[in-house]
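**Student:** The following block contains the structure, expressed as structure tokens.
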Amino acid sequence: MKTIYMDNNATTRVAPEVVEEMLPFFSDLYGNPSSMHAFGGNVGATLKTARERVATLLGALPEEILFTSCGTESDSTAIHAAIRANPDKRHIITTRVEHPAVKSLGEHLAQNGYRVTFVPVDRRGRLDLDFLYRNLSDDTAVVSVMWANNETGTIFPVEEIARKVKDRGIVFHSDAVQAVGKIPINMADSAIDMLSLSGHKLHAPKGIGVLYLRKGTRFAPFLVGGHQEAGRRAGTENTASIIGMGRAAQLAMAWLRDENTRVRALRDKLETELLKRVPNAMINGDPDNRLPNTTSIAFEFIEGEGILLLMDQYGICASSGSACTSGSLEPSHVLRAMGVPFTAAHGSIRYSLSIYNTEEEIDFVIDKMPSIIERLRRMSPFWQGNQSA
Ligand SMILES: *Cc1c(COP(=O)(O)O)cnc(C)c1O
């Protein structure tokens, strides 16, 4: 059976172009880029190219790019750096819909002497900006707001927020893991101080991340040791993955148009047809301000886990709310923060596409979903008493 992969916000296929460029660095080109000999130094030169490629993708300077081990490390490094650079400030602002990489860190800091404000969202997942601005204070060390939400695809006005936050002299960080490659990013005319990226959401391998650090931003390293990454992140470089990330950055630029035209059209077709063919279904999130590849659809009165199991029988991969919450019966914190009713949050499925999806795959999913939903609803005690059709 063929796998139909529509779970690209969880992880993506490593592009063959990326693999090809990485392979020599697992075999012949194993030198340490810090070595004095040419054998290692040549690897160092290739890392320089990779850094330039990532910088180009972000409209940044090469020295503003730090390679890390993942998106989570970039988020943690950024927030810790900001609070250590401002040791007398004890307040942090973030949102109620962040990825656990930021949300759990916020909760952890709240238990360790920090005051943490979590900005709420409305029913469409839009941030309460007045609430955010009202809570900025002289005690605020950092504001961290994700660029786009991984569960609903909702895009947040981070540039506008960054400008307001900077006006108060406060550091602004954004988790852009889901935004990069899907919407244009240009750090050259941005007020954002720090930005997190993850390779495996961008057709590079798992285990490589990027932290963009604006020149002049006060920084305290998280990993202390050797002089790698200009002393800002010690540890011998993950050379093959960094080189893969550089290639993936180039591809992301080349594919940006396809994401926003063909992939967007496929997502729209999937969504429109499912809403037409399945009663009691609705979109979670802000349809007017969304990533081109993501749709989160609530199928009322049934369980997302059940839907995923039946989809799996056809080889269709998607996610129920959040991959991080699946396995537990708690609806995702994002849908709860939006006030999605219990009966809808439970039956929510996130389809997240990539440039590798085809129209045939979309048609197959459109064809199979209605009977999957109907089968589950026939067995659901909640559906019996609530159907409108
Ligand atoms: C996946 C993801 C992360 C975590 O990235 P890792 O590389 O898996 O640590 C952080 N933020 C968002 C929005 C994500 O989607």
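A note on labels: chains of the structure tokens are A, B, ... as shown, every chain counts residues from 1, and ligands are counted from 1 in their shown order.
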Select the residues contacting ligand 1 at a distance of at most 7 Å, based on only C-alpha atoms and all ligand atoms, then format the selection as a ChimeraX atom specification.

**Tutor:** /A:9-10,70-73,98-99,101,146,148-150,175-178,198-201,206-209

**Student:** Quick one: residues within 10 Å of Tyr133 of chain A, only C-alpha atoms, excluding same-chain residues fewer than 2 positions away - as JSON, numbers by chain?

**Tutor:** {"A": [93, 119, 128, 129, 130, 131, 135, 136, 137, 161, 164, 165]}

**Student:** Counting only C-alpha atoms, which of A:Ile243, A:Ala179, A:Val14, A:Ala85 gets nearest to Thr46 of chain A?

**Tutor:**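 The answer is A:Ile243, which sits nearest to Thr46 of chain A.
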
**Student:** Go through A:Ser296, A:Gln250, A:Asn280, A:Ser352 one by one, measure the shortest atom-to-atom distance of each to Cys317 of chain A using only C-alpha atoms, and give the residue with the smallest value.

**Tutor:**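 The shortest atom-to-atom distance to Cys317 of chain A comes from A:Ser352.
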
**Student:** With a distance cut-off of 9 Å and only C-alpha atoms, select the neighbouring residues of segment 183-186 of chain A, excluding the residue or stretch itself and same-chain residues fewer than 4 positions from it, and output the selection as a list in words.

**Tutor:** Thr56, Leu57, Leu58, Gly59, Ala60, Ala179, Ser190, Met253, Leu256, Glu259, Asn260, Leu291 and Pro292 of chain A

**Student:** Among segment 198-375 of chain A, which ones does DSSP place in helix (DSSP H, G or I), written as a ChimeraX atom specification?

**Tutor:** /A:199-201,228-231,239-277,304-312,333-337,342-345,359-375

**Student:** List the neighbours of Pro16 of chain A out to 12 Å using only C-alpha atoms; skip same-chain residues closer than 2 positions along the sequence, and give me the result as a list in words.

**Tutor:**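 Counting only C-alpha atoms, the residues come to Thr12, Arg13, Val14, Val18, Val19, Glu20, Glu21, Met22, Leu23, His203, Ala204, Pro205, Gly244, Arg247, Ala248, Leu251 and Tyr356 of chain A.
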
**Student:** For Arg336 of chain A, find every residue with an atom within 12 Å (counting only C-alpha atoms), except residues of its own chain fewer than 5 positions away, and show them as a PyMOL selection string.

**Tutor:** chain A and resi 96-97+120-125+151+284-285+321-322+330-331+341-346+348

**Student:** My list of candidates is A:Pro370, A:Pro100, A:Gly231, A:Pro157. Which is closest to Ser332 of chain A when distances are computed with only C-alpha atoms?

**Tutor:**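 Going through A:Pro370, A:Pro100, A:Gly231, A:Pro157 one by one, the smallest distance to Ser332 of chain A is for A:Pro100.
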
**Student:** Taking the backbone alone, and naming residues the way the document does, which bits of segment 160-260 of chain A are strand (DSSP E or B) by DSSP, as a list of chain:residue names?

**Tutor:**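 The strand (DSSP E or B) residues within segment 160-260 of chain A come out as A:Val171, A:Phe172, A:His173, A:Ser174, A:Asp175, A:Val180, A:Ile183, A:Met194, A:Leu195, A:Ser196, A:Leu197, A:Ser198, A:Gly209, A:Val210, A:Leu211, A:Tyr212, A:Leu213.
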
**Student:** When you look at segment 47-51 of chain A with a cut-off of 7 Å (counting only C-alpha atoms), what residues show up, excluding the ones that are within fewer than 2 positions of it in the same chain? I need them as a PyMOL selection string.

**Tutor:** chain A and resi 43-45+53-55+62+65+239+242-243+246

**Student:** Just to confirm, what's the straight-line distance from atom CA of Glu237 of chain A to atom CA of Arg214 of chain A in Å (one decimal)?

**Tutor:**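 Calculated distance between atom CA of Glu237 of chain A and atom CA of Arg214 of chain A is 21.1 Å.
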
**Student:** Have a look at atom CA of Ser371 of chain A and atom CA of Asp288 of chain A and let me know their distance in Å, one decimal.

**Tutor:**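 Atom CA of Ser371 of chain A sits 29.0 Å away from atom CA of Asp288 of chain A.
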
**Student:** So, with only C-alpha atoms as the atoms that count, which of A:Thr272, A:Thr95, A:Asn357, A:Asn238 lies closest to Ala337 of chain A?

**Tutor:** A:Thr95

**Student:** Find the residues near segment 376-385 of chain A: any atom within 7 Å, counting only C-alpha atoms, skip ones fewer than 2 places away on the same chain, and give them as a PDB file with N, CA and C atoms, in the first residue's frame.

**Tutor:**
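Here's the written file part-v3.pdb:
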ATOM      1  N   PHE A 301     -18.548  15.096  17.205  1.00  0.00           N
ATOM      2  CA  PHE A 301     -19.151  13.941  17.891  1.00  0.00           C
ATOM      3  C   PHE A 301     -18.423  12.615  17.700  1.00  0.00           C
ATOM      4  N   ILE A 302     -17.178  12.629  17.232  1.00  0.00           N
ATOM      5  CA  ILE A 302     -16.385  11.398  17.171  1.00  0.00           C
ATOM      6  C   ILE A 302     -14.965  11.674  17.673  1.00  0.00           C
ATOM      7  N   ILE A 372     -15.412   7.083   6.252  1.00  0.00           N
ATOM      8  CA  ILE A 372     -14.722   6.887   7.539  1.00  0.00           C
ATOM      9  C   ILE A 372     -15.492   7.607   8.651  1.00  0.00           C
ATOM     10  N   ILE A 373     -15.852   8.837   8.392  1.00  0.00           N
ATOM     11  CA  ILE A 373     -16.563   9.648   9.400  1.00  0.00           C
ATOM     12  C   ILE A 373     -17.943   9.025   9.680  1.00  0.00           C
ATOM     13  N   GLU A 374     -18.609   8.614   8.614  1.00  0.00           N
ATOM     14  CA  GLU A 374     -19.956   8.055   8.781  1.00  0.00           C
ATOM     15  C   GLU A 374     -19.914   6.774   9.614  1.00  0.00           C
ATOM     16  N   GLN A 387     -27.361  14.741  15.621  1.00  0.00           N
ATOM     17  CA  GLN A 387     -27.168  14.977  14.206  1.00  0.00           C
ATOM     18  C   GLN A 387     -28.183  15.980  13.681  1.00  0.00           C
TER      19      GLN A 387
END
